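Peer 1: coords_9.pdb is reproduced below (PDB, C-alpha atoms).
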MODEL        1
ATOM      1  CA  LEU A   1      54.809 -35.236   6.297
ATOM      2  CA  PHE A   2      54.423 -33.229   3.060
ATOM      3  CA  TYR A   3      51.806 -30.487   2.883
ATOM      4  CA  ALA A   4      51.192 -28.545  -0.338
ATOM      5  CA  PRO A   5      48.602 -25.852   0.416
ATOM      6  CA  HIS A   6      46.415 -24.521  -2.380
ATOM      7  CA  VAL A   7      45.601 -21.386  -0.423
ATOM      8  CA  ALA A   8      47.462 -18.208  -1.517
ATOM      9  CA  HIS A   9      47.163 -19.529  -5.050
ATOM     10  CA  CYS A  10      44.583 -18.761  -7.712
ATOM     11  CA  PRO A  11      41.672 -18.989  -7.456
ATOM     12  CA  LEU A  12      42.009 -16.620  -4.487
ATOM     13  CA  GLN A  13      39.129 -17.993  -2.430
ATOM     14  CA  VAL A  14      39.045 -17.688   1.364
ATOM     15  CA  PRO A  15      36.411 -17.931   4.104
ATOM     16  CA  LYS A  16      34.472 -14.687   4.479
ATOM     17  CA  GLU A  17      35.778 -14.105   8.014
ATOM     18  CA  TYR A  18      39.329 -13.878   6.665
ATOM     19  CA  LEU A  19      38.368 -11.537   3.850
ATOM     20  CA  ASP A  20      36.546  -9.315   6.359
ATOM     21  CA  LYS A  21      39.782  -8.843   8.337
ATOM     22  CA  PHE A  22      41.046  -6.769   5.412
ATOM     23  CA  ALA A  23      37.867  -4.794   4.782
ATOM     24  CA  PHE A  24      39.845  -1.590   5.376
ATOM     25  CA  MET A  25      41.505  -2.062   1.981
ATOM     26  CA  SER A  26      40.024  -0.289  -1.035
ATOM     27  CA  THR A  27      39.936  -1.003  -4.758
ATOM     28  CA  VAL A  28      40.488   2.665  -5.578
ATOM     29  CA  ASN A  29      44.257   2.423  -6.027
ATOM     30  CA  ASP A  30      44.442  -1.247  -6.923
ATOM     31  CA  SER A  31      45.429  -1.543 -10.576
ATOM     32  CA  GLN A  32      45.056  -5.330 -10.305
ATOM     33  CA  THR A  33      41.302  -5.291  -9.678
ATOM     34  CA  GLU A  34      40.423  -5.552 -13.369
ATOM     35  CA  SER A  35      42.665  -8.537 -14.014
ATOM     36  CA  CYS A  36      41.395 -10.369 -10.940
ATOM     37  CA  SER A  37      37.744  -9.798 -11.797
ATOM     38  CA  THR A  38      38.193 -10.967 -15.393
ATOM     39  CA  ALA A  39      40.471 -13.943 -14.725
ATOM     40  CA  GLY A  40      37.871 -16.142 -13.044
ATOM     41  CA  HIS A  41      39.724 -16.000  -9.708
ATOM     42  CA  ASN A  42      36.784 -14.915  -7.581
ATOM     43  CA  VAL A  43      33.685 -16.122  -5.788
ATOM     44  CA  LYS A  44      30.665 -13.964  -6.582
ATOM     45  CA  GLY A  45      28.627 -12.301  -3.879
ATOM     46  CA  ILE A  46      31.213 -12.298  -1.067
ATOM     47  CA  ASN A  47      32.532  -8.770  -1.602
ATOM     48  CA  THR A  48      30.328  -6.984   0.919
ATOM     49  CA  LYS A  49      32.320  -3.802   1.606
ATOM     50  CA  PRO A  50      29.943  -0.815   1.265
ATOM     51  CA  GLY A  51      30.588   1.367  -1.751
ATOM     52  CA  GLU A  52      32.573  -1.215  -3.725
ATOM     53  CA  PRO A  53      31.344  -2.578  -7.084
ATOM     54  CA  GLN A  54      29.193  -5.686  -6.713
ATOM     55  CA  PRO A  55      29.936  -8.502  -7.259
ATOM     56  CA  GLU A  56      32.420  -8.686 -10.136
ATOM     57  CA  GLN A  57      35.175  -6.251  -9.167
ATOM     58  CA  TRP A  58      37.551  -7.202  -6.396
ATOM     59  CA  ASN A  59      40.559  -5.856  -4.617
ATOM     60  CA  CYS A  60      43.234  -8.357  -5.613
ATOM     61  CA  ARG A  61      45.616  -7.334  -2.854
ATOM     62  CA  ARG A  62      42.886  -7.733  -0.244
ATOM     63  CA  GLN A  63      42.162 -11.274  -1.414
ATOM     64  CA  TYR A  64      45.848 -12.146  -1.509
ATOM     65  CA  ARG A  65      46.518 -10.845   2.005
ATOM     66  CA  ALA A  66      43.529 -12.766   3.320
ATOM     67  CA  SER A  67      44.857 -15.934   1.675
ATOM     68  CA  VAL A  68      48.312 -15.531   3.219
ATOM     69  CA  ASN A  69      46.722 -14.834   6.614
ATOM     70  CA  LEU A  70      44.758 -18.089   6.330
ATOM     71  CA  LEU A  71      47.931 -19.973   5.355
ATOM     72  CA  ASP A  72      49.684 -18.530   8.412
ATOM     73  CA  ASP A  73      46.932 -19.853  10.682
ATOM     74  CA  ILE A  74      47.036 -23.287   9.012
ATOM     75  CA  LEU A  75      50.791 -23.549   9.572
ATOM     76  CA  ALA A  76      50.359 -22.424  13.181
ATOM     77  CA  SER A  77      47.822 -25.196  13.686
ATOM     78  CA  ILE A  78      50.246 -27.801  12.307
ATOM     79  CA  VAL A  79      53.042 -26.564  14.576
ATOM     80  CA  GLN A  80      50.808 -26.551  17.653
ATOM     81  CA  THR A  81      49.614 -30.089  16.895
ATOM     82  CA  LEU A  82      53.219 -31.329  16.641
ATOM     83  CA  LYS A  83      54.080 -29.640  19.921
ATOM     84  CA  LYS A  84      50.987 -31.027  21.618
ATOM     85  CA  ARG A  85      52.020 -34.535  20.586
ATOM     86  CA  SER A  86      55.627 -33.949  21.735
ATOM     87  CA  MET A  87      56.911 -34.279  18.160
ATOM     88  CA  TRP A  88      58.257 -30.755  17.621
ATOM     89  CA  ARG A  89      61.576 -31.456  19.349
ATOM     90  CA  LYS A  90      62.572 -33.920  16.612
ATOM     91  CA  THR A  91      60.909 -32.095  13.721
ATOM     92  CA  LEU A  92      62.672 -30.343  10.842
ATOM     93  CA  PHE A  93      60.062 -27.934   9.502
ATOM     94  CA  VAL A  94      60.807 -26.783   5.950
ATOM     95  CA  PHE A  95      58.780 -23.962   4.440
ATOM     96  CA  THR A  96      59.490 -23.068   0.835
ATOM     97  CA  SER A  97      57.780 -21.560  -2.176
ATOM     98  CA  ASP A  98      58.423 -22.664  -5.739
ATOM     99  CA  ASN A  99      58.331 -19.181  -7.285
ATOM    100  CA  GLY A 100      57.718 -15.523  -6.610
ATOM    101  CA  GLY A 101      54.305 -13.913  -6.310
ATOM    102  CA  PRO A 102      52.092 -13.269  -9.374
ATOM    103  CA  PRO A 103      51.959  -9.492  -9.983
ATOM    104  CA  ASN A 104      48.712  -9.807 -11.935
ATOM    105  CA  SER A 105      46.849 -11.672  -9.176
ATOM    106  CA  GLY A 106      47.555  -9.768  -5.986
ATOM    107  CA  GLY A 107      51.209 -10.612  -5.396
ATOM    108  CA  THR A 108      54.058  -8.167  -5.079
ATOM    109  CA  ASN A 109      57.758  -9.005  -4.931
ATOM    110  CA  PHE A 110      58.920  -5.537  -3.909
ATOM    111  CA  PRO A 111      61.709  -4.517  -4.088
ATOM    112  CA  LEU A 112      62.635  -7.308  -6.510
ATOM    113  CA  ARG A 113      62.179  -7.149 -10.253
ATOM    114  CA  GLY A 114      59.485  -9.191 -12.002
ATOM    115  CA  GLY A 115      57.461 -12.050 -10.563
ATOM    116  CA  LYS A 116      56.024 -15.498 -11.178
ATOM    117  CA  GLU A 117      56.916 -17.081 -14.556
ATOM    118  CA  MET A 118      59.733 -14.559 -14.984
ATOM    119  CA  MET A 119      63.474 -15.108 -14.830
ATOM    120  CA  TRP A 120      64.075 -11.945 -12.795
ATOM    121  CA  GLU A 121      64.754 -12.301  -9.053
ATOM    122  CA  GLY A 122      61.124 -11.555  -8.253
ATOM    123  CA  GLY A 123      60.230 -14.787 -10.023
ATOM    124  CA  ILE A 124      62.968 -17.142  -8.831
ATOM    125  CA  ARG A 125      64.157 -15.806  -5.445
ATOM    126  CA  ALA A 126      61.472 -17.524  -3.375
ATOM    127  CA  ALA A 127      60.707 -17.281   0.334
ATOM    128  CA  ALA A 128      62.024 -20.171   2.440
ATOM    129  CA  PHE A 129      62.996 -21.011   6.020
ATOM    130  CA  VAL A 130      63.623 -23.997   8.287
ATOM    131  CA  SER A 131      62.429 -24.367  11.862
ATOM    132  CA  GLY A 132      61.703 -27.031  14.449
ATOM    133  CA  GLY A 133      63.563 -28.608  17.320
ATOM    134  CA  PHE A 134      65.863 -30.503  14.960
ATOM    135  CA  VAL A 135      67.547 -27.245  13.918
ATOM    136  CA  PRO A 136      70.719 -26.792  16.039
ATOM    137  CA  LYS A 137      70.284 -24.085  18.660
ATOM    138  CA  HIS A 138      73.253 -22.095  17.399
ATOM    139  CA  GLN A 139      71.627 -21.831  13.968
ATOM    140  CA  ARG A 140      68.196 -20.669  15.050
ATOM    141  CA  GLY A 141      67.285 -17.128  14.081
ATOM    142  CA  LYS A 142      70.091 -16.831  11.543
ATOM    143  CA  THR A 143      69.804 -15.578   7.974
ATOM    144  CA  LEU A 144      72.032 -17.496   5.588
ATOM    145  CA  GLY A 145      73.320 -15.993   2.367
ATOM    146  CA  GLY A 146      73.898 -18.599  -0.309
ATOM    147  CA  ILE A 147      72.309 -20.471  -3.195
ATOM    148  CA  ILE A 148      69.853 -23.276  -2.577
ATOM    149  CA  HIS A 149      67.634 -24.790  -5.247
ATOM    150  CA  ILE A 150      64.325 -26.441  -4.435
ATOM    151  CA  ALA A 151      65.780 -29.625  -5.954
ATOM    152  CA  ASP A 152      68.386 -29.661  -3.167
ATOM    153  CA  TRP A 153      65.777 -30.772  -0.646
ATOM    154  CA  TYR A 154      65.824 -34.240  -2.222
ATOM    155  CA  ALA A 155      69.495 -34.879  -1.435
ATOM    156  CA  THR A 156      69.243 -33.054   1.896
ATOM    157  CA  LEU A 157      66.261 -35.003   3.215
ATOM    158  CA  SER A 158      67.616 -38.273   1.807
ATOM    159  CA  TYR A 159      70.816 -37.704   3.789
ATOM    160  CA  LEU A 160      68.895 -36.997   6.992
ATOM    161  CA  ALA A 161      66.807 -40.136   6.452
ATOM    162  CA  GLY A 162      69.955 -42.223   5.963
ATOM    163  CA  SER A 163      69.187 -42.927   2.325
ATOM    164  CA  ASP A 164      71.491 -42.664  -0.687
ATOM    165  CA  SER A 165      70.122 -40.091  -3.142
ATOM    166  CA  HIS A 166      72.230 -41.424  -6.000
ATOM    167  CA  ASP A 167      70.047 -42.992  -8.697
ATOM    168  CA  LYS A 168      71.958 -46.141  -9.652
ATOM    169  CA  LEU A 169      69.259 -47.394 -12.018
ATOM    170  CA  ALA A 170      69.314 -44.123 -13.981
ATOM    171  CA  GLU A 171      73.093 -44.336 -14.175
ATOM    172  CA  THR A 172      72.956 -47.799 -15.743
ATOM    173  CA  HIS A 173      70.802 -46.347 -18.515
ATOM    174  CA  GLY A 174      73.220 -43.505 -19.206
ATOM    175  CA  LEU A 175      71.200 -40.751 -17.582
ATOM    176  CA  PRO A 176      73.030 -37.838 -15.911
ATOM    177  CA  PRO A 177      73.230 -37.622 -12.104
ATOM    178  CA  ILE A 178      70.530 -35.763 -10.210
ATOM    179  CA  ASP A 179      70.931 -31.996  -9.864
ATOM    180  CA  SER A 180      70.490 -32.040  -6.093
ATOM    181  CA  ILE A 181      73.002 -31.152  -3.402
ATOM    182  CA  ASN A 182      72.930 -32.038   0.294
ATOM    183  CA  GLN A 183      72.585 -28.661   2.018
ATOM    184  CA  TRP A 184      72.455 -29.928   5.613
ATOM    185  CA  PRO A 185      76.120 -29.176   6.484
ATOM    186  CA  TRP A 186      75.419 -25.542   5.547
ATOM    187  CA  LEU A 187      72.004 -25.320   7.180
ATOM    188  CA  SER A 188      73.179 -26.991  10.375
ATOM    189  CA  GLY A 189      76.261 -24.796  10.684
ATOM    190  CA  SER A 190      78.792 -27.589  10.165
ATOM    191  CA  VAL A 191      80.384 -25.355   7.531
ATOM    192  CA  MET A 192      80.630 -21.561   7.512
ATOM    193  CA  ASP A 193      77.935 -19.448   5.891
ATOM    194  CA  GLY A 194      80.281 -18.536   3.062
ATOM    195  CA  GLU A 195      80.844 -22.228   2.250
ATOM    196  CA  CYS A 196      77.426 -23.026   0.798
ATOM    197  CA  PRO A 197      77.682 -26.336  -1.125
ATOM    198  CA  ARG A 198      75.980 -24.894  -4.196
ATOM    199  CA  THR A 199      78.049 -22.288  -6.005
ATOM    200  CA  GLU A 200      76.075 -22.010  -9.241
ATOM    201  CA  LEU A 201      72.561 -22.451 -10.525
ATOM    202  CA  ALA A 202      71.581 -22.924 -14.172
ATOM    203  CA  VAL A 203      68.087 -21.451 -14.083
ATOM    204  CA  THR A 204      67.366 -22.022 -17.782
ATOM    205  CA  ASP A 205      69.409 -22.389 -20.950
ATOM    206  CA  SER A 206      69.600 -18.577 -21.023
ATOM    207  CA  VAL A 207      70.101 -17.705 -17.325
ATOM    208  CA  LEU A 208      73.010 -18.679 -15.075
ATOM    209  CA  ILE A 209      73.781 -17.684 -11.489
ATOM    210  CA  GLY A 210      77.319 -18.210 -10.254
ATOM    211  CA  GLY A 211      78.490 -16.788  -6.945
ATOM    212  CA  PRO A 212      77.321 -13.169  -6.801
ATOM    213  CA  TRP A 213      76.818 -12.971 -10.573
ATOM    214  CA  LYS A 214      73.682 -13.487 -12.637
ATOM    215  CA  PHE A 215      74.049 -13.731 -16.418
ATOM    216  CA  MET A 216      71.025 -13.425 -18.721
ATOM    217  CA  ARG A 217      71.066 -13.867 -22.488
ATOM    218  CA  GLY A 218      68.264 -13.084 -24.934
ATOM    219  CA  LYS A 219      64.903 -11.359 -24.414
ATOM    220  CA  PHE A 220      63.087 -11.283 -21.086
ATOM    221  CA  ALA A 221      59.547 -10.057 -20.606
ATOM    222  CA  PHE A 222      58.021  -8.252 -17.631
ATOM    223  CA  GLY A 223      61.230  -6.493 -16.617
ATOM    224  CA  GLY A 224      59.521  -4.005 -14.300
ATOM    225  CA  TRP A 225      59.392  -3.400 -10.563
ATOM    226  CA  GLN A 226      56.421  -3.324  -8.207
ATOM    227  CA  GLY A 227      55.420  -1.076  -5.352
ATOM    228  CA  PRO A 228      55.368  -2.246  -1.717
ATOM    229  CA  ASN A 229      51.627  -2.945  -1.762
ATOM    230  CA  SER A 230      50.838  -3.897  -5.331
ATOM    231  CA  THR A 231      51.778  -3.435  -8.936
ATOM    232  CA  ASN A 232      50.775   0.176  -9.315
ATOM    233  CA  HIS A 233      51.365   3.455 -11.101
ATOM    234  CA  SER A 234      53.140   5.115  -8.169
ATOM    235  CA  ARG A 235      56.584   3.914  -9.236
ATOM    236  CA  ALA A 236      56.782   6.020 -12.377
ATOM    237  CA  GLU A 237      60.551   5.745 -12.585
ATOM    238  CA  HIS A 238      60.132   2.091 -13.501
ATOM    239  CA  GLY A 239      56.884   2.273 -15.462
ATOM    240  CA  THR A 240      54.122  -0.223 -14.788
ATOM    241  CA  LEU A 241      54.280  -3.975 -14.988
ATOM    242  CA  LEU A 242      50.639  -5.020 -14.964
ATOM    243  CA  GLY A 243      49.583  -3.344 -18.209
ATOM    244  CA  HIS A 244      52.228  -5.262 -20.097
ATOM    245  CA  ILE A 245      51.217  -8.552 -18.481
ATOM    246  CA  ARG A 246      47.660  -8.039 -19.735
ATOM    247  CA  GLY A 247      48.927  -7.395 -23.249
ATOM    248  CA  ARG A 248      51.454 -10.205 -23.470
ATOM    249  CA  THR A 249      51.623 -12.248 -26.665
ATOM    250  CA  ASP A 250      53.443 -15.556 -27.156
ATOM    251  CA  GLY A 251      55.323 -15.219 -23.888
ATOM    252  CA  GLU A 252      56.378 -11.623 -24.466
ATOM    253  CA  ALA A 253      54.967  -8.359 -23.223
ATOM    254  CA  HIS A 254      54.476  -5.287 -25.352
ATOM    255  CA  GLY A 255      56.334  -2.078 -24.583
ATOM    256  CA  THR A 256      59.413  -1.185 -22.604
ATOM    257  CA  GLN A 257      59.071  -4.120 -20.187
ATOM    258  CA  VAL A 258      60.702  -6.504 -22.680
ATOM    259  CA  ILE A 259      64.405  -6.368 -21.891
ATOM    260  CA  ASP A 260      66.668  -7.477 -24.713
ATOM    261  CA  CYS A 261      70.017  -8.630 -23.330
ATOM    262  CA  GLY A 262      71.102  -9.773 -26.772
ATOM    263  CA  SER A 263      73.685 -12.431 -27.528
ATOM    264  CA  GLU A 264      76.317 -10.763 -25.315
ATOM    265  CA  GLY A 265      73.962 -10.838 -22.351
ATOM    266  CA  CYS A 266      73.200  -8.782 -19.258
ATOM    267  CA  LEU A 267      75.184  -9.151 -16.043
ATOM    268  CA  PHE A 268      74.054  -8.311 -12.515
ATOM    269  CA  ASN A 269      75.941  -8.462  -9.207
ATOM    270  CA  LEU A 270      73.281  -9.860  -6.879
ATOM    271  CA  ASP A 271      75.339  -9.201  -3.740
ATOM    272  CA  GLU A 272      75.364  -5.479  -4.478
ATOM    273  CA  ASP A 273      72.257  -5.179  -6.640
ATOM    274  CA  TRP A 274      69.756  -7.894  -5.840
ATOM    275  CA  THR A 275      66.965  -5.726  -7.320
ATOM    276  CA  GLU A 276      68.658  -5.944 -10.727
ATOM    277  CA  HIS A 277      68.717  -2.258 -11.555
ATOM    278  CA  THR A 278      72.194  -2.066 -13.096
ATOM    279  CA  ASP A 279      73.596  -4.152 -15.938
ATOM    280  CA  VAL A 280      77.365  -4.313 -15.296
ATOM    281  CA  ARG A 281      78.389  -6.416 -18.310
ATOM    282  CA  LYS A 282      80.441  -3.590 -19.831
ATOM    283  CA  LYS A 283      82.300  -3.127 -16.535
ATOM    284  CA  HIS A 284      82.973  -6.870 -16.180
ATOM    285  CA  PRO A 285      83.176  -8.243 -19.746
ATOM    286  CA  THR A 286      85.468 -11.114 -18.744
ATOM    287  CA  VAL A 287      82.964 -12.381 -16.170
ATOM    288  CA  ALA A 288      80.163 -12.194 -18.749
ATOM    289  CA  ARG A 289      82.154 -14.117 -21.381
ATOM    290  CA  LYS A 290      83.113 -16.842 -18.909
ATOM    291  CA  MET A 291      79.519 -17.272 -17.788
ATOM    292  CA  ALA A 292      78.330 -17.381 -21.399
ATOM    293  CA  LYS A 293      80.767 -20.195 -22.146
ATOM    294  CA  ARG A 294      79.782 -22.025 -18.976
ATOM    295  CA  LEU A 295      76.102 -21.732 -19.906
ATOM    296  CA  ASP A 296      76.869 -23.154 -23.345
ATOM    297  CA  ARG A 297      78.592 -26.165 -21.762
ATOM    298  CA  LEU A 298      75.801 -26.761 -19.278
ATOM    299  CA  GLY A 299      73.176 -26.396 -22.007
ATOM    300  CA  GLY A 300      74.338 -29.601 -23.648
ATOM    301  CA  GLY A 301      73.099 -31.563 -20.667
ATOM    302  CA  PHE A 302      69.680 -29.944 -20.250
ATOM    303  CA  TYR A 303      66.696 -32.256 -20.432
ATOM    304  CA  ASP A 304      64.683 -31.666 -23.589
ATOM    305  CA  LYS A 305      61.092 -32.890 -23.407
ATOM    306  CA  SER A 306      60.171 -31.715 -26.889
ATOM    307  CA  GLY A 307      61.365 -34.885 -28.617
TER     308      GLY A 307
ENDMDL
END
The structure given in the file should be rewritten as structure tokens.

Peer 2:
Amino acid sequence: LFYAPHVAHCPLQVPKEYLDKFAFMSTVNDSQTESCSTAGHNVKGINTKPGEPQPEQWNCRRQYRASVNLLDDILASIVQTLKKRSMWRKTLFVFTSDNGGPPNSGGTNFPLRGGKEMMWEGGIRAAAFVSGGFVPKHQRGKTLGGIIHIADWYATLSYLAGSDSHDKLAETHGLPPIDSINQWPWLSGSVMDGECPRTELAVTDSVLIGGPWKFMRGKFAFGGWQGPNSTNHSRAEHGTLLGHIRGRTDGEAHGTQVIDCGSEGCLFNLDEDWTEHTDVRKKHPTVARKMAKRLDRLGGGFYDKSG
């Protein structure tokens, strides 16, 4: 069973009873209200909280929380149905997102940097977990620290289904092998937590993660941080992120939020600094040079759809 919910995704539309659960929230300190109300994300006439602008202005964070609350109830209903039909015991329940939350539409990735469509951890370190009776008892409740790409579910689920994930037809036509790794030995506890099958991840032709290191080369927009509740002006030490998102041009934001790592790149130790506050390239120049060379080699095999 594959379920791809549209809830908690723009347009942020939920039943009124779910929105009313969060009526205690106000637009006063929500710097995202303007972008939500002008982005066509809303349903007119539902915002009934006394004293709030009618009907155009909305509290983005309120809508987003209501959407996530609805998604939570939908997932609970699926789980209860599987249990009722005595199917939960043999179920592997995989929950995963494909990107971080959108800072300009109610999401916050605090304490991570950036968000959706960005190469910072707030954009690519997505929420994920596995559950169900198929998960070994000794693994339940554990938090694993390693690298898993959403593409790895193909090889993982193929293995569990007894199918070979290798694409023989593609190989006969000279295409490269799939970039998917069977993660079940790691998830099931057959190997130690520190022995995750994936040791590196080429995010783009300018971003590479290898072990604890993340190497970034070139310019990267939206390099700000968010507050715990929304993208707001309370985190003055980092500036604001939303204003630059509104003013972005050709994929770049105006102002200090564009981070230029240059040709030598920026280097972050994600084990020690997963919020990406400190560029340690000058402290670890050898690591940065090795990752730059590795990225160059990997770049030759990237799929180019422009031709």

Peer 1: Convert the output of the PyMOL selection byres ((chain A and resi 151) around 8) on the shown file into explicit residues, formatted as a list in words.

Peer 2: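 This file gives the following for the PyMOL selection byres ((chain A and resi 151) around 8): His149, Ile150, Asp152, Trp153, Tyr154, Ala155, Asp179, Ser180 and Ile181 of chain A.
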
Peer 1: Within 10 Å of Ala292 (chain A), counting all atoms listed in the file, which residues show up once you throw out same-chain ones fewer than 3 positions away? Write them as a ChimeraX atom specification, please.

Peer 2: /A:206-208,215-217,263-265,286-289,295-298

Peer 1: Expand the PyMOL selection byres ((chain A and resi 259) around 9) into the explicit residue set it covers here, and present it as a list in words.

Peer 2: Gly218, Lys219, Phe220, Ala221, Phe222, Gly223, Thr256, Gln257, Val258, Asp260, Cys261 and Gly262 of chain A

Peer 1: Figure out the distance between CA of Leu70 (chain A) and CA of Phe110 (chain A), please, to one decimal in Å.

Peer 2: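 Atom-to-atom, CA of Phe110 (chain A) and CA of Leu70 (chain A) are spaced 21.5 Å apart.
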
Peer 1: To test your reading of the syntax: which residues would the PyMOL selection byres ((chain A and resi 166) around 12) return for the file shown? Reply as an MDAnalysis selection string.

Peer 2: chainID A and resid 154:156 158:159 163:165 167:172 175:182

Peer 1: Please produce a file of the residues just selected, as a PDB file, in the coordinates of the input, where the atoms kept are C-alpha atoms.

Peer 2:
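Result file follows (result_21.pdb):
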ATOM      1  CA  TYR A 154      65.824 -34.240  -2.222  1.00  0.00           C
ATOM      2  CA  ALA A 155      69.495 -34.879  -1.435  1.00  0.00           C
ATOM      3  CA  THR A 156      69.243 -33.054   1.896  1.00  0.00           C
ATOM      4  CA  SER A 158      67.616 -38.273   1.807  1.00  0.00           C
ATOM      5  CA  TYR A 159      70.816 -37.704   3.789  1.00  0.00           C
ATOM      6  CA  SER A 163      69.187 -42.927   2.325  1.00  0.00           C
ATOM      7  CA  ASP A 164      71.491 -42.664  -0.687  1.00  0.00           C
ATOM      8  CA  SER A 165      70.122 -40.091  -3.142  1.00  0.00           C
ATOM      9  CA  ASP A 167      70.047 -42.992  -8.697  1.00  0.00           C
ATOM     10  CA  LYS A 168      71.958 -46.141  -9.652  1.00  0.00           C
ATOM     11  CA  LEU A 169      69.259 -47.394 -12.018  1.00  0.00           C
ATOM     12  CA  ALA A 170      69.314 -44.123 -13.981  1.00  0.00           C
ATOM     13  CA  GLU A 171      73.093 -44.336 -14.175  1.00  0.00           C
ATOM     14  CA  THR A 172      72.956 -47.799 -15.743  1.00  0.00           C
ATOM     15  CA  LEU A 175      71.200 -40.751 -17.582  1.00  0.00           C
ATOM     16  CA  PRO A 176      73.030 -37.838 -15.911  1.00  0.00           C
ATOM     17  CA  PRO A 177      73.230 -37.622 -12.104  1.00  0.00           C
ATOM     18  CA  ILE A 178      70.530 -35.763 -10.210  1.00  0.00           C
ATOM     19  CA  ASP A 179      70.931 -31.996  -9.864  1.00  0.00           C
ATOM     20  CA  SER A 180      70.490 -32.040  -6.093  1.00  0.00           C
ATOM     21  CA  ILE A 181      73.002 -31.152  -3.402  1.00  0.00           C
ATOM     22  CA  ASN A 182      72.930 -32.038   0.294  1.00  0.00           C
TER      23      ASN A 182
END

Peer 1: Rank A:His9, A:Arg62, A:Lys293, A:Lys214 by their smallest atom-to-atom distance to Glu276 (chain A), using all atoms listed in the file, and report the top residue only.

Peer 2: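 Distance minimum relative to Glu276 (chain A) lands on A:Lys214.
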
Peer 1: In Å to one decimal, how far is CA of Ala66 (chain A) from CA of Gly227 (chain A)?

Peer 2: 18.8 Å

Peer 1: Mind pulling up the distance from CA of Ala8 (chain A) to CA of Leu71 (chain A)?

Peer 2: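 Atom-to-atom, CA of Leu71 (chain A) and CA of Ala8 (chain A) are spaced 7.1 Å apart.
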
Peer 1: Can you tell me, as a PyMOL selection string, what residues are no more than 9 Å from Thr275 (chain A) when counting all atoms listed in the file, ignoring any on the same chain fewer than 3 positions away?

Peer 2: chain A and resi 110-113+120-122+225+270+272+278

Peer 1: From the list A:Gly107, A:Asp20, A:Ile78, A:Ala161, which residue is nearest Pro228 (chain A) when using only C-alpha atoms?

Peer 2: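 Of A:Gly107, A:Asp20, A:Ile78, A:Ala161, the one nearest Pro228 (chain A) is A:Gly107, counting only C-alpha atoms.
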
Peer 1: Smallest atom-to-atom distance to Gly300 (chain A): which of A:Ile74, A:Leu92, A:Cys266, A:Ala202, using only C-alpha atoms?

Peer 2: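 Residue with the minimum atom-to-atom distance to Gly300 (chain A): A:Ala202.
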
Peer 1: A:Glu195, A:Lys142, A:Met291, A:Lys84: which is nearest Trp213 (chain A), counting only C-alpha atoms?

Peer 2: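 Checking each of A:Glu195, A:Lys142, A:Met291, A:Lys84 against Trp213 (chain A), counting only C-alpha atoms, the winner is A:Met291.
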